[in-house]
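For reference, target.cif is printed below; it contains mmCIF, C-alpha atoms.
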```cif
data_start
loop_
_atom_site.label_atom_id
_atom_site.label_comp_id
_atom_site.auth_asym_id
_atom_site.auth_seq_id
_atom_site.Cartn_x
_atom_site.Cartn_y
_atom_site.Cartn_z
CA MET A 1 16.75 -13.18 -1.53
CA ASP A 2 13.97 -15.40 -0.24
CA TYR A 3 10.62 -14.17 -1.42
CA GLY A 4 9.04 -17.52 -0.51
CA TYR A 5 9.06 -16.53 3.15
CA ILE A 6 7.80 -13.00 2.53
CA ASN A 7 5.13 -14.22 0.13
CA ALA A 8 3.86 -16.83 2.62
CA ARG A 9 3.65 -14.25 5.38
CA MET A 10 1.92 -11.72 3.16
CA ARG A 11 -0.65 -14.28 2.08
CA GLY A 12 -1.11 -15.43 5.67
CA MET A 13 -1.72 -11.82 6.70
CA LYS A 14 -4.04 -11.29 3.75
CA SER A 15 -6.14 -14.27 4.86
CA ARG A 16 -6.81 -12.42 8.11
CA LEU A 17 -8.16 -9.33 6.38
CA LEU A 18 -11.89 -8.85 6.73
CA SER A 19 -13.90 -10.63 4.05
CA HIS A 20 -16.74 -9.18 2.02
CA ARG A 21 -19.22 -10.85 4.38
CA GLU A 22 -17.52 -9.59 7.54
CA LEU A 23 -17.61 -6.04 6.16
CA ASP A 24 -21.30 -6.47 5.38
CA ASP A 25 -21.84 -7.60 8.98
CA LEU A 26 -20.11 -4.44 10.20
CA ILE A 27 -22.35 -2.35 7.96
CA GLN A 28 -25.46 -3.90 9.52
CA LYS A 29 -24.44 -2.90 13.06
CA PRO A 30 -26.97 -0.46 14.49
CA ASP A 31 -24.52 1.86 16.26
CA LEU A 32 -20.89 2.60 17.00
CA GLU A 33 -20.83 0.65 20.27
CA SER A 34 -21.85 -2.60 18.58
CA LEU A 35 -19.35 -1.87 15.80
CA ILE A 36 -16.58 -1.54 18.39
CA ALA A 37 -17.75 -4.73 20.11
CA ASP A 38 -17.60 -6.54 16.75
CA LEU A 39 -14.12 -5.21 16.03
CA GLU A 40 -13.05 -6.67 19.38
CA ASN A 41 -13.62 -10.10 17.84
CA SER A 42 -11.56 -9.28 14.77
CA PRO A 43 -7.80 -8.94 14.14
CA TYR A 44 -8.15 -5.41 15.57
CA ARG A 45 -8.87 -6.85 19.00
CA ASP A 46 -5.67 -5.77 20.81
CA GLU A 47 -5.78 -2.22 19.50
CA VAL A 48 -9.51 -1.80 20.23
CA ILE A 49 -9.08 -3.03 23.82
CA GLU A 50 -6.13 -0.68 24.25
CA ALA A 51 -8.12 2.25 22.83
CA ARG A 52 -11.20 1.50 24.91
CA GLY A 53 -9.23 2.26 28.05
CA HIS A 54 -8.99 5.96 27.28
CA LEU A 55 -11.18 6.77 24.27
CA LEU A 56 -14.82 6.52 23.31
CA GLY A 57 -16.85 6.19 20.11
CA ILE A 58 -15.32 7.17 16.79
CA LEU A 59 -12.07 8.26 18.45
CA CYS A 60 -11.64 4.75 19.83
CA ILE A 61 -12.03 3.22 16.35
CA GLU A 62 -9.77 5.79 14.72
CA TYR A 63 -7.07 5.18 17.31
CA ALA A 64 -7.33 1.39 16.96
CA LEU A 65 -7.16 1.54 13.17
CA ARG A 66 -4.19 3.89 13.26
CA GLU A 67 -2.31 1.74 15.75
CA ASN A 68 -3.07 -1.45 13.83
CA PHE A 69 -1.94 0.11 10.56
CA THR A 70 1.30 1.37 12.08
CA ARG A 71 2.06 -1.94 13.83
CA THR A 72 1.32 -3.99 10.72
CA PHE A 73 3.75 -2.04 8.60
CA ARG A 74 6.44 -2.02 11.27
CA LYS A 75 6.06 -5.80 11.45
CA ILE A 76 6.44 -6.19 7.68
CA GLN A 77 9.43 -3.88 7.70
CA ASN A 78 11.07 -6.01 10.39
CA PHE A 79 10.79 -9.31 8.60
CA ALA A 80 11.62 -7.92 5.16
CA LYS A 81 14.76 -6.15 6.40
CA GLN A 82 17.60 -6.06 3.89
CA GLU A 83 15.44 -7.66 1.23
CA GLU A 84 14.58 -5.91 -2.00
CA ALA A 85 10.99 -5.76 -0.77
CA GLU A 86 12.09 -3.30 1.91
CA GLN A 87 12.57 -0.76 -0.85
CA TYR A 88 8.85 -0.76 -1.60
CA ILE A 89 7.95 -0.77 2.07
CA ILE A 90 10.09 2.33 2.61
CA ILE A 91 8.52 4.04 -0.41
CA PHE A 92 5.04 3.18 0.86
CA LEU A 93 5.83 4.33 4.39
CA HIS A 94 7.28 7.62 3.17
CA ARG A 95 3.84 8.29 1.74
CA TRP A 96 2.52 8.53 5.28
CA ASP A 97 5.26 11.00 6.17
CA VAL A 98 4.14 13.16 3.25
CA GLN A 99 0.51 12.70 4.23
CA ASN A 100 1.25 13.63 7.85
CA ILE A 101 3.20 16.73 6.88
CA LYS A 102 0.37 17.78 4.58
CA THR A 103 -2.15 17.28 7.38
CA ILE A 104 -0.05 19.36 9.78
CA LEU A 105 0.38 22.12 7.17
CA ARG A 106 -3.35 22.14 6.43
CA GLY A 107 -4.19 22.21 10.12
CA LYS A 108 -1.76 25.02 10.86
CA ASN A 109 -3.01 26.93 7.84
CA ILE A 110 -6.58 27.03 9.13
CA HIS A 111 -5.55 27.22 12.82
CA VAL A 112 -6.97 23.89 13.97
CA THR A 113 -5.96 22.76 17.48
CA SER A 114 -2.99 20.41 17.81
CA ASP A 115 -5.14 17.67 19.35
CA GLU A 116 -7.49 17.73 16.41
CA ILE A 117 -4.61 17.56 13.93
CA LEU A 118 -3.00 14.74 15.93
CA SER A 119 -6.16 12.66 15.69
CA CYS A 120 -5.86 12.81 11.88
CA LEU A 121 -2.21 11.73 11.73
CA VAL A 122 -1.03 8.20 10.95
CA PRO A 123 2.46 7.74 12.36
CA ALA A 124 3.21 4.79 10.08
CA GLY A 125 6.13 6.44 8.30
CA GLU A 126 9.67 7.26 9.38
CA MET A 127 8.46 10.13 11.52
CA ASP A 128 7.16 8.67 14.76
CA GLU A 129 4.48 10.09 17.02
CA ALA A 130 6.96 12.04 19.16
CA THR A 131 8.37 13.77 16.06
CA LEU A 132 4.89 14.61 14.83
CA LYS A 133 3.87 15.96 18.24
CA GLU A 134 6.92 18.22 18.26
CA LEU A 135 5.96 19.51 14.80
CA LEU A 136 2.46 20.20 16.07
CA LYS A 137 3.82 22.39 18.84
CA GLN A 138 5.11 24.85 16.24
CA PRO A 139 3.05 28.03 15.97
CA ASP A 140 2.85 28.35 12.16
CA LEU A 141 3.78 26.91 8.77
CA ARG A 142 7.18 28.62 8.63
CA ALA A 143 8.13 27.17 12.03
CA VAL A 144 7.06 23.66 10.95
CA ILE A 145 9.22 23.87 7.81
CA ASP A 146 12.13 25.31 9.79
CA LEU A 147 11.95 22.48 12.32
CA LEU A 148 11.92 19.91 9.51
CA ALA A 149 15.01 21.60 8.07
CA THR A 150 16.72 21.64 11.49
CA TRP A 151 16.12 17.92 11.87
CA ARG A 152 17.39 17.43 8.31
CA ILE A 153 14.18 15.67 7.35
CA ARG A 154 14.22 15.30 3.57
CA TYR A 155 10.84 16.98 3.03
CA ALA A 156 12.18 20.31 4.27
CA GLN A 157 13.93 20.75 0.92
CA PRO A 158 10.86 20.96 -1.37
CA LEU A 159 8.93 22.93 1.25
CA THR A 160 11.68 25.52 1.67
CA GLY A 161 11.93 25.82 -2.11
CA ALA A 162 8.19 26.37 -2.58
CA TYR A 163 7.67 28.59 0.47
CA PRO A 164 8.39 31.96 -1.24
CA GLU A 165 5.75 31.11 -3.87
CA TYR A 166 3.32 30.13 -1.12
CA LEU A 167 3.90 33.49 0.56
CA LYS A 168 2.97 35.22 -2.70
CA THR A 169 -0.10 33.16 -3.55
CA LYS A 170 -1.17 32.00 -0.05
CA ASP A 171 -2.23 28.81 -1.80
CA LEU A 172 -1.38 25.69 0.19
CA ALA A 173 -1.58 23.61 -2.99
CA VAL A 174 1.84 25.03 -3.90
CA LEU A 175 3.46 23.38 -0.87
CA GLU A 176 1.44 20.18 -1.23
CA CYS A 177 2.33 19.84 -4.89
CA ALA A 178 6.04 20.42 -4.11
CA LEU A 179 5.85 17.64 -1.52
CA ASP A 180 4.10 15.23 -3.90
CA ARG A 181 6.53 15.96 -6.70
CA TYR A 182 9.51 15.42 -4.41
CA TYR A 183 8.05 12.19 -3.06
CA TYR A 184 7.38 10.64 -6.47
CA THR A 185 10.66 11.84 -8.01
CA ASP A 186 12.60 10.50 -5.05
CA ALA A 187 10.69 7.19 -5.10
CA LEU A 188 11.22 6.71 -8.86
CA ASP A 189 14.92 7.53 -8.46
CA SER A 190 15.30 4.84 -5.80
CA VAL A 191 14.04 2.12 -8.17
CA ARG A 192 15.79 3.28 -11.33
CA ALA A 193 18.07 0.21 -11.46
CA PRO A 194 16.94 -2.56 -13.85
CA GLY A 195 15.28 -5.70 -12.53
CA TYR A 196 11.84 -7.28 -12.30
CA ASN A 197 11.06 -5.99 -8.80
CA ASN A 198 12.24 -2.47 -9.50
CA GLY A 199 10.22 -2.49 -12.72
CA LEU A 200 7.13 -3.58 -10.84
CA ILE A 201 7.49 -0.86 -8.21
CA ARG A 202 8.25 1.71 -10.91
CA ASP A 203 5.14 0.70 -12.80
CA PHE A 204 2.91 1.14 -9.76
CA LEU A 205 4.45 4.49 -8.91
CA ARG A 206 3.90 5.70 -12.46
CA LEU A 207 0.29 4.56 -12.31
CA GLU A 208 -0.19 6.51 -9.10
CA ILE A 209 1.39 9.58 -10.68
CA ASP A 210 -1.16 9.30 -13.52
CA VAL A 211 -4.02 9.17 -11.04
CA VAL A 212 -2.67 12.11 -9.02
CA ASN A 213 -2.22 14.11 -12.24
CA LEU A 214 -5.72 13.25 -13.46
CA LYS A 215 -7.20 14.43 -10.17
CA THR A 216 -5.23 17.67 -10.50
CA VAL A 217 -6.40 18.12 -14.11
CA LEU A 218 -10.03 17.62 -13.09
CA ARG A 219 -9.77 20.18 -10.31
CA MET A 220 -8.05 22.67 -12.58
CA VAL A 221 -10.64 22.24 -15.34
CA ARG A 222 -13.46 22.59 -12.82
CA ASP A 223 -11.96 25.78 -11.37
CA ARG A 224 -11.14 27.05 -14.89
CA VAL A 225 -7.48 27.62 -14.04
CA ASP A 226 -5.33 28.78 -16.94
CA ALA A 227 -3.66 25.74 -18.59
CA GLU A 228 -0.16 27.22 -18.33
CA ASP A 229 -0.65 27.99 -14.64
CA ALA A 230 -2.12 24.56 -14.01
CA LYS A 231 0.88 22.79 -15.56
CA ARG A 232 2.97 23.84 -12.57
CA TYR A 233 0.97 21.48 -10.38
CA LEU A 234 1.56 18.39 -12.48
CA ILE A 235 4.03 15.66 -11.63
CA GLY A 236 6.31 14.21 -14.31
CA GLY A 237 6.93 10.50 -14.91
CA GLY A 238 3.41 9.14 -15.36
CA ARG A 239 2.76 5.89 -17.21
CA GLN A 240 -0.02 6.92 -19.55
CA PHE A 241 0.11 10.70 -19.66
CA ASP A 242 3.14 12.80 -20.41
CA GLU A 243 3.23 16.57 -20.05
CA ARG A 244 1.91 17.13 -23.59
CA LYS A 245 -1.14 14.89 -23.13
CA LEU A 246 -1.93 16.41 -19.75
CA GLY A 247 -1.54 19.88 -21.29
CA GLU A 248 -4.14 18.95 -23.90
CA LEU A 249 -6.55 17.78 -21.18
CA LEU A 250 -6.06 21.04 -19.30
CA THR A 251 -7.24 23.06 -22.29
CA LEU A 252 -10.62 21.26 -22.38
CA PRO A 253 -13.59 23.38 -21.30
CA SER A 254 -15.42 20.97 -18.96
CA ILE A 255 -15.09 17.82 -16.88
CA GLU A 256 -17.36 15.97 -19.30
CA ASP A 257 -14.91 16.72 -22.12
CA VAL A 258 -11.99 15.47 -20.04
CA VAL A 259 -13.85 12.23 -19.35
CA LYS A 260 -14.64 11.87 -23.08
CA ALA A 261 -11.01 12.48 -23.97
CA LEU A 262 -10.03 9.61 -21.66
CA SER A 263 -12.12 7.12 -23.66
CA SER A 264 -9.07 5.73 -25.45
CA THR A 265 -7.08 5.22 -22.25
CA PRO A 266 -7.35 2.68 -19.40
CA TYR A 267 -9.45 5.32 -17.64
CA ARG A 268 -12.39 4.81 -20.00
CA PHE A 269 -14.38 3.43 -17.03
CA LEU A 270 -14.96 7.06 -16.01
CA ALA A 271 -17.39 7.32 -18.92
CA ASP A 272 -19.72 5.00 -16.97
CA ILE A 273 -20.34 7.73 -14.40
CA PRO A 274 -23.86 9.08 -15.07
CA GLU A 275 -23.77 12.34 -17.00
CA PRO A 276 -25.90 14.33 -14.52
CA ALA A 277 -23.23 13.66 -11.90
CA LEU A 278 -20.54 15.00 -14.24
CA ARG A 279 -22.58 18.04 -15.13
CA THR A 280 -22.77 19.11 -11.48
CA GLN A 281 -18.97 19.55 -11.70
CA LYS A 282 -18.61 17.54 -8.50
CA ILE A 283 -15.36 15.69 -8.98
CA SER A 284 -15.61 13.68 -5.76
CA ILE A 285 -17.40 10.89 -7.67
CA ILE A 286 -14.64 10.75 -10.27
CA GLU A 287 -11.97 10.87 -7.58
CA LYS A 288 -13.66 7.97 -5.82
CA GLU A 289 -13.66 5.95 -9.06
CA LEU A 290 -9.99 6.72 -9.63
CA GLU A 291 -9.19 5.66 -6.09
CA ARG A 292 -11.17 2.44 -6.64
CA PHE A 293 -9.20 1.80 -9.85
CA LEU A 294 -5.89 2.34 -8.05
CA ILE A 295 -6.84 0.04 -5.16
CA LYS A 296 -8.00 -2.70 -7.52
CA LYS A 297 -4.78 -2.46 -9.52
CA GLY A 298 -2.74 -2.54 -6.30
CA VAL A 299 -4.54 -5.54 -4.84
CA GLY A 300 -4.35 -7.21 -8.27
CA ALA A 301 -0.58 -7.42 -7.71
CA PHE A 302 -1.31 -10.61 -5.74
CA LEU A 303 -1.85 -12.31 -9.10
CA LEU A 304 1.65 -11.44 -10.32
CA ASP A 305 4.84 -13.43 -9.68
CA PRO A 306 4.56 -14.65 -6.06
CA LEU A 307 8.34 -14.78 -5.72
CA SER A 308 8.69 -11.04 -6.11
CA VAL A 309 7.76 -7.83 -4.36
CA ALA A 310 4.25 -8.15 -5.90
CA SER A 311 2.67 -9.80 -2.86
CA VAL A 312 3.97 -6.96 -0.65
CA ILE A 313 2.44 -4.39 -3.00
CA GLY A 314 -0.83 -6.34 -3.05
CA TYR A 315 -1.01 -6.62 0.72
CA PHE A 316 -0.27 -2.95 1.31
CA TRP A 317 -3.13 -1.92 -0.90
CA ALA A 318 -5.48 -4.53 0.54
CA LYS A 319 -4.73 -3.40 4.10
CA TYR A 320 -5.03 0.26 3.18
CA ASN A 321 -8.39 -0.49 1.61
CA GLU A 322 -9.61 -2.40 4.65
CA ILE A 323 -8.68 0.43 7.01
CA THR A 324 -10.35 2.95 4.69
CA ASN A 325 -13.49 0.81 4.53
CA ILE A 326 -13.75 0.51 8.32
CA ARG A 327 -13.21 4.24 8.66
CA ILE A 328 -15.99 4.89 6.17
CA ILE A 329 -18.31 2.50 8.03
CA SER A 330 -17.60 4.09 11.40
CA ARG A 331 -17.98 7.65 10.05
CA CYS A 332 -21.25 6.70 8.35
CA LYS A 333 -22.54 5.12 11.57
CA THR A 334 -22.09 8.43 13.38
CA ALA A 335 -23.89 10.20 10.53
CA ASP A 336 -26.70 7.63 10.38
CA VAL A 337 -26.17 6.75 6.73
CA SER A 338 -28.30 3.87 5.44
CA PRO A 339 -26.55 0.49 4.89
CA ASP A 340 -27.32 0.53 1.15
CA LEU A 341 -25.75 3.93 0.65
CA LEU A 342 -22.83 2.87 2.81
CA LYS A 343 -22.19 -0.20 0.67
CA GLU A 344 -21.83 2.01 -2.39
CA GLU A 345 -19.10 3.98 -0.67
CA LEU A 346 -16.95 0.95 0.10
CA VAL A 347 -14.40 -0.62 -2.19
CA TYR A 348 -14.65 -4.41 -2.22
CA VAL A 349 -11.59 -6.25 -3.56
CA MET B 1 34.68 -57.34 -12.17
CA VAL B 2 32.99 -54.02 -11.33
CA GLY B 3 34.78 -50.94 -12.59
CA TRP B 4 35.08 -47.51 -10.95
CA GLU B 5 32.15 -46.20 -13.00
CA VAL B 6 29.55 -48.20 -11.02
CA PRO B 7 30.12 -46.58 -7.59
CA ILE B 8 30.51 -43.20 -9.33
CA GLY B 9 27.14 -43.75 -11.06
CA ALA B 10 25.55 -44.73 -7.77
CA ALA B 11 27.04 -41.66 -6.10
CA ILE B 12 25.69 -39.37 -8.83
CA ALA B 13 22.20 -40.92 -8.52
CA PHE B 14 22.20 -40.45 -4.76
CA ALA B 15 23.76 -36.97 -4.88
CA GLY B 16 21.24 -35.79 -7.50
CA GLY B 17 18.36 -36.88 -5.30
CA ALA B 18 19.93 -35.36 -2.21
CA ILE B 19 20.66 -32.00 -3.86
CA GLY B 20 17.15 -31.86 -5.33
CA THR B 21 15.64 -32.64 -1.95
CA GLY B 22 17.79 -30.06 -0.21
CA TRP B 23 16.84 -27.34 -2.67
CA ALA B 24 13.14 -28.16 -2.58
CA GLN B 25 13.08 -28.39 1.22
CA SER B 26 14.88 -25.10 1.60
CA ARG B 27 12.23 -23.33 -0.51
CA ILE B 28 9.33 -25.13 1.13
CA GLY B 29 10.88 -24.57 4.55
CA ALA B 30 11.21 -20.84 4.04
CA ALA B 31 7.66 -20.47 2.76
CA GLY B 32 6.40 -22.86 5.44
CA ALA B 33 8.09 -20.84 8.18
CA GLY B 34 6.32 -17.76 6.87
CA ALA B 35 2.98 -19.55 6.78
CA ILE B 36 3.40 -20.96 10.32
CA ALA B 37 4.44 -17.53 11.64
CA GLU B 38 1.13 -16.09 10.46
CA ARG B 39 -1.11 -19.13 10.90
CA PRO B 40 0.27 -21.58 13.47
CA GLU B 41 -2.65 -23.92 12.82
CA THR B 42 -1.10 -24.80 9.44
CA ALA B 43 1.94 -26.43 11.11
CA GLY B 44 0.72 -30.01 10.49
CA THR B 45 0.18 -29.40 6.77
CA ILE B 46 3.50 -27.61 6.43
CA ILE B 47 5.39 -30.51 8.04
CA ILE B 48 3.81 -32.92 5.55
CA LEU B 49 4.64 -30.60 2.66
CA GLU B 50 8.19 -30.27 3.97
CA ALA B 51 8.54 -34.07 4.00
CA ILE B 52 7.29 -34.66 0.45
CA PRO B 53 10.64 -33.89 -1.27
CA GLU B 54 12.22 -36.63 0.88
CA THR B 55 10.83 -39.03 -1.71
CA LEU B 56 13.44 -37.67 -4.12
CA VAL B 57 16.39 -38.62 -1.97
CA ILE B 58 14.80 -42.01 -1.23
CA LEU B 59 14.43 -42.53 -4.97
CA GLY B 60 18.08 -41.54 -5.42
CA PHE B 61 19.07 -44.01 -2.70
CA VAL B 62 17.06 -46.83 -4.28
CA VAL B 63 18.56 -46.15 -7.71
CA ALA B 64 22.05 -46.04 -6.18
CA ALA B 65 21.41 -49.30 -4.34
CA MET B 66 20.08 -50.91 -7.50
CA ILE B 67 23.16 -49.83 -9.42
CA LEU B 68 25.46 -51.26 -6.78
CA LEU B 69 23.55 -54.50 -6.32
CA MET B 70 22.43 -55.28 -9.83
CA VAL B 71 25.32 -54.20 -12.02
CA GLU B 72 27.96 -56.85 -12.12
#
```
As structure tokens, please, write out the structure in this file.
Amino acid sequence: MDYGYINARMRGMKSRLLSHRELDDLIQKPDLESLIADLENSPYRDEVIEARGHLLGILCIEYALRENFTRTFRKIQNFAKQEEAEQYIIIFLHRWDVQNIKTILRGKNIHVTSDEILSCLVPAGEMDEATLKELLKQPDLRAVIDLLATWRIRYAQPLTGAYPEYLKTKDLAVLECALDRYYYTDALDSVRAPGYNNGLIRDFLRLEIDVVNLKTVLRMVRDRVDAEDAKRYLIGGGRQFDERKLGELLTLPSIEDVVKALSSTPYRFLADIPEPALRTQKISIIEKELERFLIKKGVGAFLLDPLSVASVIGYFWAKYNEITNIRIISRCKTADVSPDLLKEELVYV
Amino acid sequence: MVGWEVPIGAAIAFAGGAIGTGWAQSRIGAAGAGAIAERPETAGTIIILEAIPETLVILGFVVAAMILLMVE
């Protein structure tokens, strides 16, 4: 198992990620066209040139970012083949399968056109673009799930199981939660064996589960959902919060109380959010902070043992963050958001 | 009269250096290949880094030669 090679490549790839200054330069661009022109002189060059041939504006950037993301992860998967690091790559890539299925289900649920849904998909996982396009051709949710089951794609199992409940409640969260739970349970099962690398991956997955659960708790408290009902949407296996602790949080009357209750946990940074923002019951600010926390923890993996899967974990998060940042910049450029406000939205690592 | 232990000692000194060099170069080589794959401009530095462990085997050779030449 030669992590020296993987580590060197990961660090080489990390050195090509956009720096703080380069991101600031992108923020200062007056419009989308100059942003695209700037991206043509960045590591996104090939994808931007390819996209420019048939797309314009924001669609061009979205396409280029998606292609770059997919190609980057395929490349890593190719050189880490049969190494222990591949395990994490597969787990990370499966996340995009789950994300894509969720996007398709959401789109079908509100009858969005296939082209629009397709533009939101990231075919970085095991399901390639052709598979996703075939899923998009299906007329409704039931047909999408049936096709997944016909192809024996693993995610058909949780969806089929949760579908009767969805029919009763008509709440898409039921299907999404079933998918998330299956994903995390499956991922944790695949790294159950002892060992430093498995432990590291397990730790990160458990941290993510905590963040997902916290987001769910916040939404449930905001919407005043009954604690017993809300428990059905939680995922087991978190690092910091077990079912009992999450149950206690769910019984709290407001978001402010939840944030206060987190003061003795690693999530005490949420208390720094100004109180007026909490009082408006808008959880997007808290979700953003949680996302920032997760990204910083993920990228922080670069500081762990270099001869382990840590550098792969670090790079994945760093790349994910870069793509997210560029997407935010491009979206804000179309909406004419001021550079100062834009800077606040980005996560610098 | 030189006994059998002198050439054996020299062989151990040389072999130790050679094995150390081999191990170090394999690790540096793997990491260097990764670095060159991503940043070809680092090739010059990597070649120098790859050559540094050679000093170990040279040291082993010198010690072996000294054993053979100086022990009587």
Closest atom pairs, residues of chain A within 10 Å of chain B, all atoms listed in the file, as JSON lines:
```
{"residue": "A:Asp2", "atom": "CA", "partner": "B:Ala30", "partner_atom": "CA", "distance": 7.5}
{"residue": "A:Tyr3", "atom": "CA", "partner": "B:Ala31", "partner_atom": "CA", "distance": 8.1}
{"residue": "A:Gly4", "atom": "CA", "partner": "B:Ala31", "partner_atom": "CA", "distance": 4.6}
{"residue": "A:Tyr5", "atom": "CA", "partner": "B:Ala31", "partner_atom": "CA", "distance": 4.2}
{"residue": "A:Ile6", "atom": "CA", "partner": "B:Gly34", "partner_atom": "CA", "distance": 6.6}
{"residue": "A:Asn7", "atom": "CA", "partner": "B:Ala31", "partner_atom": "CA", "distance": 7.2}
{"residue": "A:Ala8", "atom": "CA", "partner": "B:Gly34", "partner_atom": "CA", "distance": 5.0}
{"residue": "A:Arg9", "atom": "CA", "partner": "B:Gly34", "partner_atom": "CA", "distance": 4.7}
{"residue": "A:Met10", "atom": "CA", "partner": "B:Gly34", "partner_atom": "CA", "distance": 8.3}
{"residue": "A:Arg11", "atom": "CA", "partner": "B:Ala35", "partner_atom": "CA", "distance": 7.9}
{"residue": "A:Gly12", "atom": "CA", "partner": "B:Glu38", "partner_atom": "CA", "distance": 5.3}
{"residue": "A:Met13", "atom": "CA", "partner": "B:Glu38", "partner_atom": "CA", "distance": 6.4}
{"residue": "A:Lys14", "atom": "CA", "partner": "B:Glu38", "partner_atom": "CA", "distance": 9.7}
{"residue": "A:Ser15", "atom": "CA", "partner": "B:Arg39", "partner_atom": "CA", "distance": 9.2}
{"residue": "A:Arg16", "atom": "CA", "partner": "B:Glu38", "partner_atom": "CA", "distance": 9.1}
{"residue": "A:Phe79", "atom": "CA", "partner": "B:Gly34", "partner_atom": "CA", "distance": 9.7}
```
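Residues in contact with stretch 141-143 of chain A at 7 Å, where all atoms listed in the file are counted and same-chain residues fewer than 6 positions away are skipped, are listed as Leu105, Lys108 and Asn109 of chain A.
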Determine the residue membership of the PyMOL selection byres ((chain A and resi 90) around 12) for the file above and supply it as a count of residues only. 35
Could you tell me which residues the PyMOL selection byres ((chain B and resi 9) around 12) grabs in this file, written as a list of chain:residue names? B:Val2, B:Gly3, B:Trp4, B:Glu5, B:Val6, B:Pro7, B:Ile8, B:Ala10, B:Ala11, B:Ile12, B:Ala13, B:Phe14, B:Ala15, B:Gly16, B:Gly60, B:Phe61, B:Val63, B:Ala64, B:Ala65, B:Met66, B:Ile67, B:Leu68, B:Val71
When you draw a straight line from atom CA of A:Lys29 to atom CA of A:Tyr315, how long is it in Å? 26.7 Å
Run the PyMOL selection byres ((chain A and resi 154) around 12) on the file and write out the hits as a VMD selection string. chain A and resid 94 97 to 98 101 126 to 127 145 to 153 155 to 160 179 182 to 183 186
Suppose you want the space between atom CA of A:Thr324 and atom CA of A:Asp305; what is it in Å? 26.6 Å
Could you give me, as a PyMOL selection string, the residues within 8 Å of stretch 275-291 of chain A, counting all atoms listed in the file and dropping anything in the same chain fewer than 4 positions from it? chain A and resi 211+215+218-219+222+255-256+270+295
As a check of understanding: the span from atom CA of A:Asn41 to atom CA of A:Asp336 is 23.3 Å
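Closest to A:Cys120 among A:Asp31, A:Glu62, A:Asp171, A:Glu50 is A:Glu62, based on all atoms listed in the file.
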Give me the residues near A:Pro43 as a short mmCIF file (atom, residue, chain, number, x, y, z; two decimals) with C-alpha atoms, keeping the file's coordinate frame, where near means some atom within 9 Å (using all atoms listed in the file) and where sequence neighbours in that chain fewer than 6 positions away do not count.
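Result written to part-v8.cif:
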```cif
data_model
loop_
_atom_site.label_atom_id
_atom_site.label_comp_id
_atom_site.auth_asym_id
_atom_site.auth_seq_id
_atom_site.Cartn_x
_atom_site.Cartn_y
_atom_site.Cartn_z
CA ARG A 16 -6.81 -12.42 8.11
CA LEU A 17 -8.16 -9.33 6.38
CA LEU A 18 -11.89 -8.85 6.73
CA ASN A 68 -3.07 -1.45 13.83
#
```
12 Å contact set for A:Glu243, all atoms listed in the file, chain neighbours under 6 positions out, as a list in words: Ile209, Asp210, Asn213, Leu214, Val217, Ala227, Glu228, Ala230, Lys231, Arg232, Tyr233, Leu234, Ile235, Gly236, Gly237, Leu249 and Leu250 of chain A
Written selection (C-alpha atoms) as a PDB file, in the coordinates of the input:
```
ATOM      1  CA  ILE A 209       1.390   9.580 -10.680  1.00  0.00           C
ATOM      2  CA  ASP A 210      -1.160   9.300 -13.520  1.00  0.00           C
ATOM      3  CA  ASN A 213      -2.220  14.110 -12.240  1.00  0.00           C
ATOM      4  CA  LEU A 214      -5.720  13.250 -13.460  1.00  0.00           C
ATOM      5  CA  VAL A 217      -6.400  18.120 -14.110  1.00  0.00           C
ATOM      6  CA  ALA A 227      -3.660  25.740 -18.590  1.00  0.00           C
ATOM      7  CA  GLU A 228      -0.160  27.220 -18.330  1.00  0.00           C
ATOM      8  CA  ALA A 230      -2.120  24.560 -14.010  1.00  0.00           C
ATOM      9  CA  LYS A 231       0.880  22.790 -15.560  1.00  0.00           C
ATOM     10  CA  ARG A 232       2.970  23.840 -12.570  1.00  0.00           C
ATOM     11  CA  TYR A 233       0.970  21.480 -10.380  1.00  0.00           C
ATOM     12  CA  LEU A 234       1.560  18.390 -12.480  1.00  0.00           C
ATOM     13  CA  ILE A 235       4.030  15.660 -11.630  1.00  0.00           C
ATOM     14  CA  GLY A 236       6.310  14.210 -14.310  1.00  0.00           C
ATOM     15  CA  GLY A 237       6.930  10.500 -14.910  1.00  0.00           C
ATOM     16  CA  LEU A 249      -6.550  17.780 -21.180  1.00  0.00           C
ATOM     17  CA  LEU A 250      -6.060  21.040 -19.300  1.00  0.00           C
TER      18      LEU A 250
END
```
Counting only C-alpha atoms, which residues sit no farther than 7 Å from the position (0.0, 22.0, 4.4) in the file's frame? I'd like them as a PyMOL selection string. chain A and resi 101-106+109+172+175-176
Please provide as a PyMOL selection string all residues within 8 Å of B:Leu56, with the sequence filter that same-chain residues fewer than 4 positions apart are discarded (counting only C-alpha atoms). chain B and resi 17-18+20-21+60
